[in-house]
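Here's final-v2.pdb, which has PDB, C-alpha atoms and all ligand atoms:
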```pdb
MODEL        1
ATOM      1  CA  MET A   1      36.349  30.400  -9.266
ATOM      2  CA  GLU A   2      37.003  29.307 -12.867
ATOM      3  CA  LYS A   3      37.799  32.449 -14.850
ATOM      4  CA  ASN A   4      36.480  33.252 -18.288
ATOM      5  CA  GLU A   5      39.206  33.428 -20.972
ATOM      6  CA  ASN A   6      38.189  36.913 -22.074
ATOM      7  CA  PHE A   7      38.198  38.298 -18.556
ATOM      8  CA  LYS A   8      37.357  41.992 -18.232
ATOM      9  CA  ALA A   9      38.257  44.526 -15.584
ATOM     10  CA  GLY A  10      38.012  48.257 -15.119
ATOM     11  CA  PHE A  11      36.621  51.310 -13.351
ATOM     12  CA  VAL A  12      33.069  52.604 -13.312
ATOM     13  CA  ALA A  13      32.249  56.047 -11.890
ATOM     14  CA  LEU A  14      28.751  56.561 -10.507
ATOM     15  CA  VAL A  15      27.562  60.131 -10.943
ATOM     16  CA  GLY A  16      24.314  61.921 -10.394
ATOM     17  CA  LYS A  17      22.596  64.367  -8.117
ATOM     18  CA  PRO A  18      22.465  63.770  -4.375
ATOM     19  CA  ASN A  19      19.724  61.405  -3.235
ATOM     20  CA  VAL A  20      19.152  59.670  -6.577
ATOM     21  CA  GLY A  21      20.241  56.372  -5.002
ATOM     22  CA  LYS A  22      23.905  55.851  -5.891
ATOM     23  CA  SER A  23      24.841  54.464  -2.485
ATOM     24  CA  THR A  24      21.828  52.166  -2.424
ATOM     25  CA  LEU A  25      22.802  50.874  -5.871
ATOM     26  CA  LEU A  26      26.375  50.222  -4.865
ATOM     27  CA  ASN A  27      25.358  48.544  -1.631
ATOM     28  CA  ASN A  28      22.878  46.320  -3.416
ATOM     29  CA  ILE A  29      25.363  45.280  -6.105
ATOM     30  CA  LEU A  30      28.095  44.581  -3.596
ATOM     31  CA  LYS A  31      25.717  43.173  -0.985
ATOM     32  CA  THR A  32      27.745  44.756   1.750
ATOM     33  CA  LYS A  33      27.432  48.047   3.457
ATOM     34  CA  LEU A  34      30.220  50.309   2.267
ATOM     35  CA  SER A  35      28.741  53.716   1.866
ATOM     36  CA  ILE A  36      26.213  55.621   3.862
ATOM     37  CA  VAL A  37      22.584  55.443   2.878
ATOM     38  CA  SER A  38      20.334  58.047   4.353
ATOM     39  CA  PRO A  39      17.287  60.011   3.295
ATOM     40  CA  LYS A  40      19.179  63.314   3.610
ATOM     41  CA  PRO A  41      21.059  64.597   0.528
ATOM     42  CA  GLN A  42      24.826  64.799   0.346
ATOM     43  CA  THR A  43      25.839  62.306   2.963
ATOM     44  CA  THR A  44      28.384  60.504   0.825
ATOM     45  CA  ARG A  45      31.374  62.752   1.038
ATOM     46  CA  LEU A  46      34.018  60.187   0.292
ATOM     47  CA  ARG A  47      35.079  58.504  -2.843
ATOM     48  CA  ILE A  48      34.437  54.885  -2.014
ATOM     49  CA  VAL A  49      35.681  52.013  -4.060
ATOM     50  CA  GLY A  50      33.733  48.804  -4.098
ATOM     51  CA  VAL A  51      34.887  45.816  -6.108
ATOM     52  CA  TYR A  52      32.439  43.472  -7.796
ATOM     53  CA  ASN A  53      33.837  40.091  -8.873
ATOM     54  CA  ASP A  54      32.424  37.221 -10.841
ATOM     55  CA  LYS A  55      33.796  34.666 -13.297
ATOM     56  CA  ASP A  56      33.785  37.089 -16.259
ATOM     57  CA  ALA A  57      34.743  40.421 -14.787
ATOM     58  CA  GLN A  58      36.010  42.602 -12.038
ATOM     59  CA  ILE A  59      34.189  45.923 -11.815
ATOM     60  CA  ILE A  60      35.642  48.630  -9.615
ATOM     61  CA  PHE A  61      33.077  51.246  -8.638
ATOM     62  CA  LEU A  62      33.994  54.805  -7.865
ATOM     63  CA  ASP A  63      31.169  56.379  -5.922
ATOM     64  CA  THR A  64      31.336  60.116  -6.542
ATOM     65  CA  PRO A  65      29.812  62.540  -4.098
ATOM     66  CA  GLY A  66      27.231  64.898  -5.569
ATOM     67  CA  ILE A  67      28.831  67.691  -7.490
ATOM     68  CA  GLN A  68      27.798  70.628  -5.390
ATOM     69  CA  LYS A  69      28.226  74.315  -5.320
ATOM     70  CA  GLY A  70      30.167  75.627  -2.363
ATOM     71  CA  LYS A  71      33.171  77.637  -1.425
ATOM     72  CA  ASP A  72      34.607  75.928   1.623
ATOM     73  CA  ILE A  73      37.550  73.586   1.186
ATOM     74  CA  LEU A  74      35.541  70.468   1.941
ATOM     75  CA  THR A  75      33.114  71.159  -0.897
ATOM     76  CA  LYS A  76      35.927  71.896  -3.337
ATOM     77  CA  THR A  77      37.665  68.703  -2.293
ATOM     78  CA  VAL A  78      34.495  66.746  -2.873
ATOM     79  CA  VAL A  79      34.132  68.171  -6.370
ATOM     80  CA  ASP A  80      37.778  67.437  -7.188
ATOM     81  CA  SER A  81      37.383  63.862  -6.052
ATOM     82  CA  ALA A  82      34.227  63.428  -8.140
ATOM     83  CA  VAL A  83      36.013  64.756 -11.202
ATOM     84  CA  SER A  84      39.047  62.557 -10.664
ATOM     85  CA  SER A  85      36.754  59.523 -10.349
ATOM     86  CA  MET A  86      35.254  60.335 -13.708
ATOM     87  CA  GLU A  87      38.661  60.851 -15.269
ATOM     88  CA  GLU A  88      39.875  57.513 -13.932
ATOM     89  CA  ALA A  89      36.833  55.623 -15.113
ATOM     90  CA  ASP A  90      36.492  53.385 -18.172
ATOM     91  CA  ILE A  91      32.732  53.801 -18.033
ATOM     92  CA  ILE A  92      30.562  56.472 -16.459
ATOM     93  CA  THR A  93      27.193  55.596 -15.014
ATOM     94  CA  MET A  94      24.850  58.497 -14.552
ATOM     95  CA  VAL A  95      21.922  57.928 -12.225
ATOM     96  CA  ILE A  96      18.712  59.925 -12.199
ATOM     97  CA  ASP A  97      15.635  59.672 -10.009
ATOM     98  CA  GLY A  98      12.745  58.282 -12.066
ATOM     99  CA  VAL A  99      10.209  60.054  -9.882
ATOM    100  CA  LYS A 100      11.802  63.474 -10.189
ATOM    101  CA  GLY A 101      12.827  63.004 -13.809
ATOM    102  CA  TRP A 102      15.530  64.863 -15.709
ATOM    103  CA  THR A 103      16.517  68.189 -14.106
ATOM    104  CA  LYS A 104      18.544  71.303 -14.873
ATOM    105  CA  GLU A 105      21.435  69.942 -12.817
ATOM    106  CA  ASP A 106      21.449  66.887 -15.052
ATOM    107  CA  ASP A 107      21.790  69.149 -18.077
ATOM    108  CA  GLN A 108      24.764  70.802 -16.356
ATOM    109  CA  LEU A 109      26.358  67.462 -15.585
ATOM    110  CA  VAL A 110      26.119  66.541 -19.260
ATOM    111  CA  GLU A 111      27.397  69.882 -20.426
ATOM    112  CA  ASN A 112      30.204  70.363 -17.902
ATOM    113  CA  TYR A 113      31.464  66.824 -17.578
ATOM    114  CA  LEU A 114      30.060  64.112 -19.817
ATOM    115  CA  GLU A 115      30.504  65.975 -23.076
ATOM    116  CA  LYS A 116      34.056  66.927 -22.159
ATOM    117  CA  LEU A 117      35.127  63.502 -20.933
ATOM    118  CA  ASN A 118      33.459  61.712 -23.810
ATOM    119  CA  LYS A 119      33.510  58.223 -22.252
ATOM    120  CA  PRO A 120      30.995  55.424 -22.704
ATOM    121  CA  THR A 121      28.134  56.471 -20.434
ATOM    122  CA  ILE A 122      25.181  54.460 -19.208
ATOM    123  CA  LEU A 123      22.092  56.119 -17.823
ATOM    124  CA  LEU A 124      20.217  54.437 -14.994
ATOM    125  CA  ILE A 125      16.695  55.634 -14.261
ATOM    126  CA  ASN A 126      16.296  54.657 -10.628
ATOM    127  CA  LYS A 127      13.335  54.202  -8.265
ATOM    128  CA  VAL A 128      11.131  52.742 -10.983
ATOM    129  CA  ASP A 129       9.323  50.842  -8.235
ATOM    130  CA  LYS A 130       7.653  54.197  -7.593
ATOM    131  CA  VAL A 131       6.655  55.181 -11.145
ATOM    132  CA  LYS A 132       3.961  54.020 -13.549
ATOM    133  CA  PRO A 133       5.614  52.347 -16.541
ATOM    134  CA  LYS A 134       3.404  53.667 -19.316
ATOM    135  CA  ASP A 135       2.512  57.145 -18.107
ATOM    136  CA  VAL A 136       5.882  58.160 -16.702
ATOM    137  CA  LEU A 137       8.695  55.824 -17.599
ATOM    138  CA  LEU A 138       8.236  55.544 -21.361
ATOM    139  CA  PRO A 139       8.000  59.326 -21.937
ATOM    140  CA  LEU A 140      10.998  59.804 -19.638
ATOM    141  CA  ILE A 141      13.102  57.313 -21.622
ATOM    142  CA  GLU A 142      12.105  59.156 -24.772
ATOM    143  CA  GLU A 143      13.096  62.500 -23.206
ATOM    144  CA  VAL A 144      16.476  61.431 -21.814
ATOM    145  CA  SER A 145      17.541  59.722 -25.013
ATOM    146  CA  GLN A 146      17.623  63.218 -26.580
ATOM    147  CA  LYS A 147      19.890  64.587 -23.870
ATOM    148  CA  TYR A 148      23.125  62.762 -24.584
ATOM    149  CA  GLU A 149      24.368  59.788 -26.533
ATOM    150  CA  PHE A 150      24.023  57.313 -23.718
ATOM    151  CA  LYS A 151      25.248  53.866 -24.691
ATOM    152  CA  GLU A 152      22.293  52.364 -22.856
ATOM    153  CA  ILE A 153      19.368  53.583 -20.778
ATOM    154  CA  ILE A 154      18.292  51.130 -18.098
ATOM    155  CA  PRO A 155      15.336  51.551 -15.731
ATOM    156  CA  ILE A 156      16.219  50.071 -12.325
ATOM    157  CA  SER A 157      15.193  49.917  -8.714
ATOM    158  CA  ALA A 158      18.348  50.020  -6.626
ATOM    159  CA  LEU A 159      16.251  49.364  -3.557
ATOM    160  CA  LYS A 160      14.385  46.308  -4.871
ATOM    161  CA  GLY A 161      17.234  45.020  -7.031
ATOM    162  CA  THR A 162      15.238  45.289 -10.273
ATOM    163  CA  ASN A 163      17.341  45.078 -13.451
ATOM    164  CA  LEU A 164      20.682  45.214 -11.647
ATOM    165  CA  ASP A 165      21.810  42.007 -13.335
ATOM    166  CA  ARG A 166      21.125  43.613 -16.692
ATOM    167  CA  TYR A 167      23.177  46.638 -15.656
ATOM    168  CA  ILE A 168      26.133  44.385 -14.736
ATOM    169  CA  GLU A 169      25.889  42.642 -18.103
ATOM    170  CA  VAL A 170      25.929  45.991 -19.910
ATOM    171  CA  LEU A 171      28.992  47.107 -17.934
ATOM    172  CA  LYS A 172      30.792  43.933 -18.958
ATOM    173  CA  LYS A 173      30.084  44.733 -22.568
ATOM    174  CA  TYR A 174      31.944  48.062 -22.353
ATOM    175  CA  LEU A 175      34.802  47.125 -20.011
ATOM    176  CA  PRO A 176      38.253  46.491 -21.469
ATOM    177  CA  GLU A 177      39.737  42.994 -21.494
ATOM    178  CA  SER A 178      42.139  42.832 -18.589
ATOM    179  CA  PRO A 179      43.189  40.533 -15.753
ATOM    180  CA  PRO A 180      41.738  41.432 -12.305
ATOM    181  CA  LEU A 181      43.162  44.677 -10.927
ATOM    182  CA  PHE A 182      42.514  43.972  -7.238
ATOM    183  CA  PRO A 183      42.886  40.831  -5.110
ATOM    184  CA  GLU A 184      39.503  39.153  -4.927
ATOM    185  CA  ASP A 185      39.056  39.353  -1.179
ATOM    186  CA  GLN A 186      39.492  43.089  -1.170
ATOM    187  CA  ILE A 187      36.035  44.596  -1.099
ATOM    188  CA  THR A 188      36.961  48.124  -0.136
ATOM    189  CA  ASP A 189      40.134  50.159  -0.115
ATOM    190  CA  LEU A 190      39.075  52.083   2.928
ATOM    191  CA  PRO A 191      41.317  51.541   5.915
ATOM    192  CA  LEU A 192      39.555  50.074   8.956
ATOM    193  CA  LYS A 193      39.828  53.316  10.936
ATOM    194  CA  PHE A 194      38.058  55.170   8.246
ATOM    195  CA  TYR A 195      35.360  52.575   7.853
ATOM    196  CA  ILE A 196      34.649  52.644  11.588
ATOM    197  CA  ALA A 197      34.589  56.457  11.613
ATOM    198  CA  GLU A 198      32.000  56.448   8.831
ATOM    199  CA  ILE A 199      29.744  54.083  10.772
ATOM    200  CA  ILE A 200      29.935  56.282  13.876
ATOM    201  CA  ARG A 201      29.299  59.385  11.772
ATOM    202  CA  GLU A 202      26.281  57.735  10.160
ATOM    203  CA  LYS A 203      24.733  56.985  13.571
ATOM    204  CA  ALA A 204      25.404  60.513  14.836
ATOM    205  CA  PHE A 205      24.045  61.964  11.620
ATOM    206  CA  ASN A 206      20.852  59.922  11.736
ATOM    207  CA  LEU A 207      20.136  60.871  15.340
ATOM    208  CA  LEU A 208      21.025  64.532  14.961
ATOM    209  CA  LYS A 209      20.208  65.390  11.364
ATOM    210  CA  LYS A 210      17.583  67.965  12.346
ATOM    211  CA  GLU A 211      19.861  69.896  14.676
ATOM    212  CA  LEU A 212      23.274  69.334  13.097
ATOM    213  CA  PRO A 213      22.939  68.223   9.512
ATOM    214  CA  TYR A 214      26.517  68.581   8.267
ATOM    215  CA  SER A 215      28.763  69.706  11.028
ATOM    216  CA  ILE A 216      30.022  66.510  12.629
ATOM    217  CA  ALA A 217      33.280  64.829  11.695
ATOM    218  CA  VAL A 218      34.578  61.643  13.304
ATOM    219  CA  GLU A 219      38.158  60.582  13.775
ATOM    220  CA  VAL A 220      39.101  57.138  15.072
ATOM    221  CA  GLU A 221      42.221  57.710  17.136
ATOM    222  CA  SER A 222      43.115  54.138  17.963
ATOM    223  CA  ILE A 223      42.027  50.545  17.550
ATOM    224  CA  LYS A 224      43.572  48.003  19.901
ATOM    225  CA  GLU A 225      42.997  44.317  20.445
ATOM    226  CA  GLY A 226      42.127  43.235  23.984
ATOM    227  CA  GLU A 227      45.262  42.081  25.814
ATOM    228  CA  LYS A 228      43.793  38.795  26.948
ATOM    229  CA  ASN A 229      40.934  38.554  24.542
ATOM    230  CA  LYS A 230      41.870  38.695  20.848
ATOM    231  CA  ASN A 231      38.205  38.741  20.025
ATOM    232  CA  LEU A 232      37.831  42.176  21.590
ATOM    233  CA  LEU A 233      38.529  45.524  19.886
ATOM    234  CA  ILE A 234      38.941  48.682  21.928
ATOM    235  CA  ILE A 235      38.202  51.728  19.793
ATOM    236  CA  ASP A 236      38.767  55.367  20.766
ATOM    237  CA  ALA A 237      37.044  57.941  18.603
ATOM    238  CA  VAL A 238      36.418  61.670  18.662
ATOM    239  CA  LEU A 239      33.383  63.466  17.293
ATOM    240  CA  TYR A 240      34.312  66.962  16.157
ATOM    241  CA  VAL A 241      31.750  69.731  16.199
ATOM    242  CA  GLU A 242      32.097  73.369  15.264
ATOM    243  CA  ARG A 243      30.635  75.048  18.354
ATOM    244  CA  GLU A 244      30.296  74.666  22.102
ATOM    245  CA  ASN A 245      26.477  74.505  21.892
ATOM    246  CA  HIS A 246      26.782  71.727  19.263
ATOM    247  CA  LYS A 247      28.832  69.742  21.753
ATOM    248  CA  LYS A 248      25.945  69.942  24.234
ATOM    249  CA  ILE A 249      23.538  68.691  21.576
ATOM    250  CA  VAL A 250      25.747  65.720  20.694
ATOM    251  CA  ILE A 251      26.214  64.744  24.335
ATOM    252  CA  GLY A 252      22.517  65.227  25.162
ATOM    253  CA  LYS A 253      20.807  65.336  28.520
ATOM    254  CA  ASN A 254      22.781  63.219  30.990
ATOM    255  CA  GLY A 255      24.909  61.993  28.109
ATOM    256  CA  GLN A 256      21.944  60.131  26.620
ATOM    257  CA  THR A 257      22.522  61.101  22.970
ATOM    258  CA  LEU A 258      26.194  60.215  22.932
ATOM    259  CA  LYS A 259      25.393  56.933  24.660
ATOM    260  CA  LYS A 260      22.827  56.133  22.016
ATOM    261  CA  ILE A 261      25.259  56.937  19.186
ATOM    262  CA  GLY A 262      27.811  54.677  20.868
ATOM    263  CA  LYS A 263      25.325  51.848  21.347
ATOM    264  CA  LEU A 264      24.090  51.892  17.737
ATOM    265  CA  ALA A 265      27.620  52.109  16.334
ATOM    266  CA  ARG A 266      28.868  49.352  18.626
ATOM    267  CA  GLU A 267      26.041  47.004  17.652
ATOM    268  CA  GLU A 268      26.694  47.514  13.956
ATOM    269  CA  LEU A 269      30.462  47.161  14.333
ATOM    270  CA  GLU A 270      30.063  43.944  16.330
ATOM    271  CA  PHE A 271      27.878  42.592  13.558
ATOM    272  CA  LEU A 272      30.187  43.692  10.739
ATOM    273  CA  LEU A 273      33.525  42.822  12.288
ATOM    274  CA  LYS A 274      32.319  39.741  14.189
ATOM    275  CA  LYS A 275      34.154  40.894  17.325
ATOM    276  CA  LYS A 276      33.227  42.270  20.686
ATOM    277  CA  ILE A 277      33.670  46.053  20.683
ATOM    278  CA  TYR A 278      34.421  48.577  23.421
ATOM    279  CA  LEU A 279      33.761  51.971  21.938
ATOM    280  CA  ASN A 280      34.967  55.085  23.742
ATOM    281  CA  LEU A 281      33.554  58.282  22.276
ATOM    282  CA  TRP A 282      34.553  61.871  23.038
ATOM    283  CA  VAL A 283      33.187  65.128  21.710
ATOM    284  CA  LYS A 284      35.583  67.960  20.935
ATOM    285  CA  VAL A 285      34.940  71.447  19.657
ATOM    286  CA  LYS A 286      37.026  72.362  16.670
ATOM    287  CA  PRO A 287      35.781  75.616  15.169
ATOM    288  CA  GLU A 288      35.838  75.729  11.375
ATOM    289  CA  TRP A 289      36.926  72.094  11.026
ATOM    290  CA  LYS A 290      35.748  72.222   7.446
ATOM    291  CA  GLU A 291      38.510  74.720   6.713
ATOM    292  CA  ASP A 292      41.222  72.784   8.536
ATOM    293  CA  LEU A 293      43.385  71.092   5.924
ATOM    294  CA  THR A 294      45.452  68.979   8.281
ATOM    295  CA  LEU A 295      42.426  67.604  10.023
ATOM    296  CA  LEU A 296      40.682  66.959   6.709
ATOM    297  CA  LYS A 297      43.685  64.953   5.569
ATOM    298  CA  THR A 298      43.748  62.947   8.799
ATOM    299  CA  LEU A 299      40.090  62.238   8.273
ATOM    300  CA  GLY A 300      40.915  60.789   4.898
ATOM    301  CA  TYR A 301      39.902  63.444   2.399
ATOM    302  CA  GLN A 302      42.957  62.688   0.290
ATOM    303  CA  TYR A 303      42.187  64.667  -2.803
ATOM    304  CA  ILE A 304      43.332  67.985  -1.447
ATOM    305  CA  SER A 305      45.992  69.570  -3.546
TER     306      SER A 305
HETATM  307  N1  LIG B 401      11.718  53.736  -3.716
HETATM  308  C1  LIG B 401      13.021  53.707  -3.917
HETATM  309  N2  LIG B 401      13.840  54.423  -3.114
HETATM  310  C2  LIG B 401      15.176  54.385  -3.348
HETATM  311  C3  LIG B 401      15.736  53.618  -4.413
HETATM  312  N3  LIG B 401      17.067  53.786  -4.404
HETATM  313  C4  LIG B 401      17.350  54.634  -3.380
HETATM  314  N4  LIG B 401      16.216  54.993  -2.732
HETATM  315  C5  LIG B 401      16.095  55.885  -1.563
HETATM  316  O1  LIG B 401      16.556  57.185  -1.906
HETATM  317  C6  LIG B 401      17.245  57.793  -0.812
HETATM  318  C7  LIG B 401      18.644  58.225  -1.246
HETATM  319  O2  LIG B 401      19.441  57.092  -1.569
HETATM  320  P1  LIG B 401      21.046  57.114  -1.493
HETATM  321  O3  LIG B 401      21.504  55.784  -1.972
HETATM  322  O4  LIG B 401      21.508  57.587  -0.160
HETATM  323  O5  LIG B 401      21.363  58.249  -2.575
HETATM  324  P2  LIG B 401      22.770  58.828  -3.085
HETATM  325  O6  LIG B 401      22.597  59.139  -4.515
HETATM  326  O7  LIG B 401      23.895  57.925  -2.702
HETATM  327  O8  LIG B 401      22.795  60.158  -2.270
HETATM  328  P3  LIG B 401      24.070  60.994  -1.733
HETATM  329  O9  LIG B 401      24.739  60.130  -0.723
HETATM  330  O10 LIG B 401      23.381  62.176  -1.111
HETATM  331  O11 LIG B 401      24.899  61.318  -2.941
HETATM  332  C8  LIG B 401      17.243  56.757   0.313
HETATM  333  O12 LIG B 401      16.167  57.046   1.174
HETATM  334  C9  LIG B 401      17.018  55.433  -0.431
HETATM  335  O13 LIG B 401      16.375  54.465   0.364
HETATM  336  C10 LIG B 401      14.829  52.844  -5.236
HETATM  337  O14 LIG B 401      15.194  52.126  -6.172
HETATM  338  N5  LIG B 401      13.502  52.945  -4.939
ENDMDL
END
```

Would you mind writing the structure in this file as C-alpha cells?
Amino acid sequence: MEKNENFKAGFVALVGKPNVGKSTLLNNILKTKLSIVSPKPQTTRLRIVGVYNDKDAQIIFLDTPGIQKGKDILTKTVVDSAVSSMEEADIITMVIDGVKGWTKEDDQLVENYLEKLNKPTILLINKVDKVKPKDVLLPLIEEVSQKYEFKEIIPISALKGTNLDRYIEVLKKYLPESPPLFPEDQITDLPLKFYIAEIIREKAFNLLKKELPYSIAVEVESIKEGEKNKNLLIIDAVLYVERENHKKIVIGKNGQTLKKIGKLAREELEFLLKKKIYLNLWVKVKPEWKEDLTLLKTLGYQYIS
C-alpha cells in the first residue's frame, strides 16, 4: 500500500456504558471478530486492541470494559484497565445509545474521567437505525452538546455501518503525525490461547446466560498441532465454575450442554483459523475464582497491580 506522506498513527479509547454497542462498532470497523458481542451487558471484560490500517493512518483501538461498580478483584481490575486505556489514548471516543439517550452514568463518566483527562473526545450516538431523526435525534444532539466540549458529535449505526467512514475521517483529523506503530498484519495483540478461550466463553455464555450469567471462566491449557496432520489443532481447555451445581448445569443432561458448547466453538474456530480442530473441554469447580489473583493473571487479566 502506498503511504500518505503525512501518515498518522495513535490510540483511540472507546468508552461508554455497557451495551451501547462498542464491540459491535469495533467489529464493524475492523471487519473481523475480535471482541464478544452479545445482548447481555458487561460481556467485554478484556481490554482488546484492534488495529485499523489504511493509506493515511493506523488507528489502534482500546476497547474499555464498562466502568462498573463492584468490590471484587475482577471488577476493580476491569476499572483499572479502562482507566489505563483512557490514559494511553490520543483520542477518546464516548459512545451512547441513541434510543436510551444521555443518562446519569454518562454525566459521571464526563465528571470523573473526561474532564480530568482533558483529551480530544468524540461522541458517537449509536443505534440511530432505531430512532426518528427529527423527533429524537436532533433534540438529543442539542442536549449532549451542552454536556461536554466534544470535538465532534456523530450519529452512527454500528450495526448497519452508517457513518462509520465519517467517524474514521474525524479520527484521522485528531491523530498525531507518526509512522505506523504496529506491523500491518497484526490485527490483535491477544495471544492465540486467549482468543480461543474467549470464543469458548462466548459460546458457553450464550447458551447459559440465564442460569450462569457471569460465573464462567475459560482457560486454554494447550494447543498442539496434529503429529501427522499440520492442518489439525488439538486444543485442551477448562471451563471454571464457582460451584458444584454450576458444573452440573454446564455439563447438562448426558453431557449435552458441554457437547453443544464444544460443537459451536469448534465450528467457529475452524472457520476463523482455517484448520481442523479437536476441542477437548473439561469443567472444573474453582470456588471464588473471581478472587483468585494467580488464576486471573493466567487468564490474561494483566492489569492487576
Ligand atoms: N439496532 C442496533 N443495535 C445495535 C447497534 N450497535 C449495537 N447494537 C446491539 O446492542 C447490543 C450490545 O452491543 P455490544 O457491541 O455488545 O455493546 P458493548 O458496548 O460492547 O457492550 P459491553 O460488551 O457490555 O460493554 C447488541 O445486541 C448489538 O447487536 C446499532 O447500531 N443498532

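Remark: for ligand LIG 401 (chain B), the closest of the candidate residues A:Pro287, A:Gly226, A:Pro18, A:Pro139 is A:Pro18 (distances computed over only C-alpha atoms and all ligand atoms).
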
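Put simply, atom CA of Ile168 of chain A is 29.5 Å away from atom CA of Leu269 of chain A.
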
- Task: Could you list the residues chosen by the PyMOL selection byres (((chain A and resi 151-164) around 9) and not hetatm) in this structure as a VMD selection string?
- Result: chain A and resid 21 to 29 98 120 to 130 137 141 144 to 145 149 to 150 165 to 170

- If you measure from atom CA of Asn6 of chain A to atom CA of Asp54 of chain A, what distance in Å do you get, rounded to one decimal? 12.6 Å

Distance query Val110 of chain A at most 12 Å, only C-alpha atoms, self and fewer than 5 positions along chain excluded, as a PDB file with C-alpha atoms, keeping the file's coordinate frame:
```
ATOM      1  CA  VAL A  15      27.562  60.131 -10.943  1.00  0.00           C
ATOM      2  CA  GLY A  16      24.314  61.921 -10.394  1.00  0.00           C
ATOM      3  CA  LYS A  17      22.596  64.367  -8.117  1.00  0.00           C
ATOM      4  CA  ILE A  92      30.562  56.472 -16.459  1.00  0.00           C
ATOM      5  CA  THR A  93      27.193  55.596 -15.014  1.00  0.00           C
ATOM      6  CA  MET A  94      24.850  58.497 -14.552  1.00  0.00           C
ATOM      7  CA  VAL A  95      21.922  57.928 -12.225  1.00  0.00           C
ATOM      8  CA  TRP A 102      15.530  64.863 -15.709  1.00  0.00           C
ATOM      9  CA  THR A 103      16.517  68.189 -14.106  1.00  0.00           C
ATOM     10  CA  LYS A 104      18.544  71.303 -14.873  1.00  0.00           C
ATOM     11  CA  GLU A 105      21.435  69.942 -12.817  1.00  0.00           C
ATOM     12  CA  GLU A 115      30.504  65.975 -23.076  1.00  0.00           C
ATOM     13  CA  LYS A 116      34.056  66.927 -22.159  1.00  0.00           C
ATOM     14  CA  LEU A 117      35.127  63.502 -20.933  1.00  0.00           C
ATOM     15  CA  ASN A 118      33.459  61.712 -23.810  1.00  0.00           C
ATOM     16  CA  LYS A 119      33.510  58.223 -22.252  1.00  0.00           C
ATOM     17  CA  THR A 121      28.134  56.471 -20.434  1.00  0.00           C
ATOM     18  CA  LEU A 123      22.092  56.119 -17.823  1.00  0.00           C
ATOM     19  CA  VAL A 144      16.476  61.431 -21.814  1.00  0.00           C
ATOM     20  CA  GLN A 146      17.623  63.218 -26.580  1.00  0.00           C
ATOM     21  CA  LYS A 147      19.890  64.587 -23.870  1.00  0.00           C
ATOM     22  CA  TYR A 148      23.125  62.762 -24.584  1.00  0.00           C
ATOM     23  CA  GLU A 149      24.368  59.788 -26.533  1.00  0.00           C
ATOM     24  CA  PHE A 150      24.023  57.313 -23.718  1.00  0.00           C
TER      25      PHE A 150
END
```

- Item | Selected residue, from A:Asn229, A:Lys284, A:Lys224, A:Lys276, that lies nearest to Glu244 of chain A when counting only C-alpha atoms |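 Distance minimum relative to Glu244 of chain A lands on A:Lys284.
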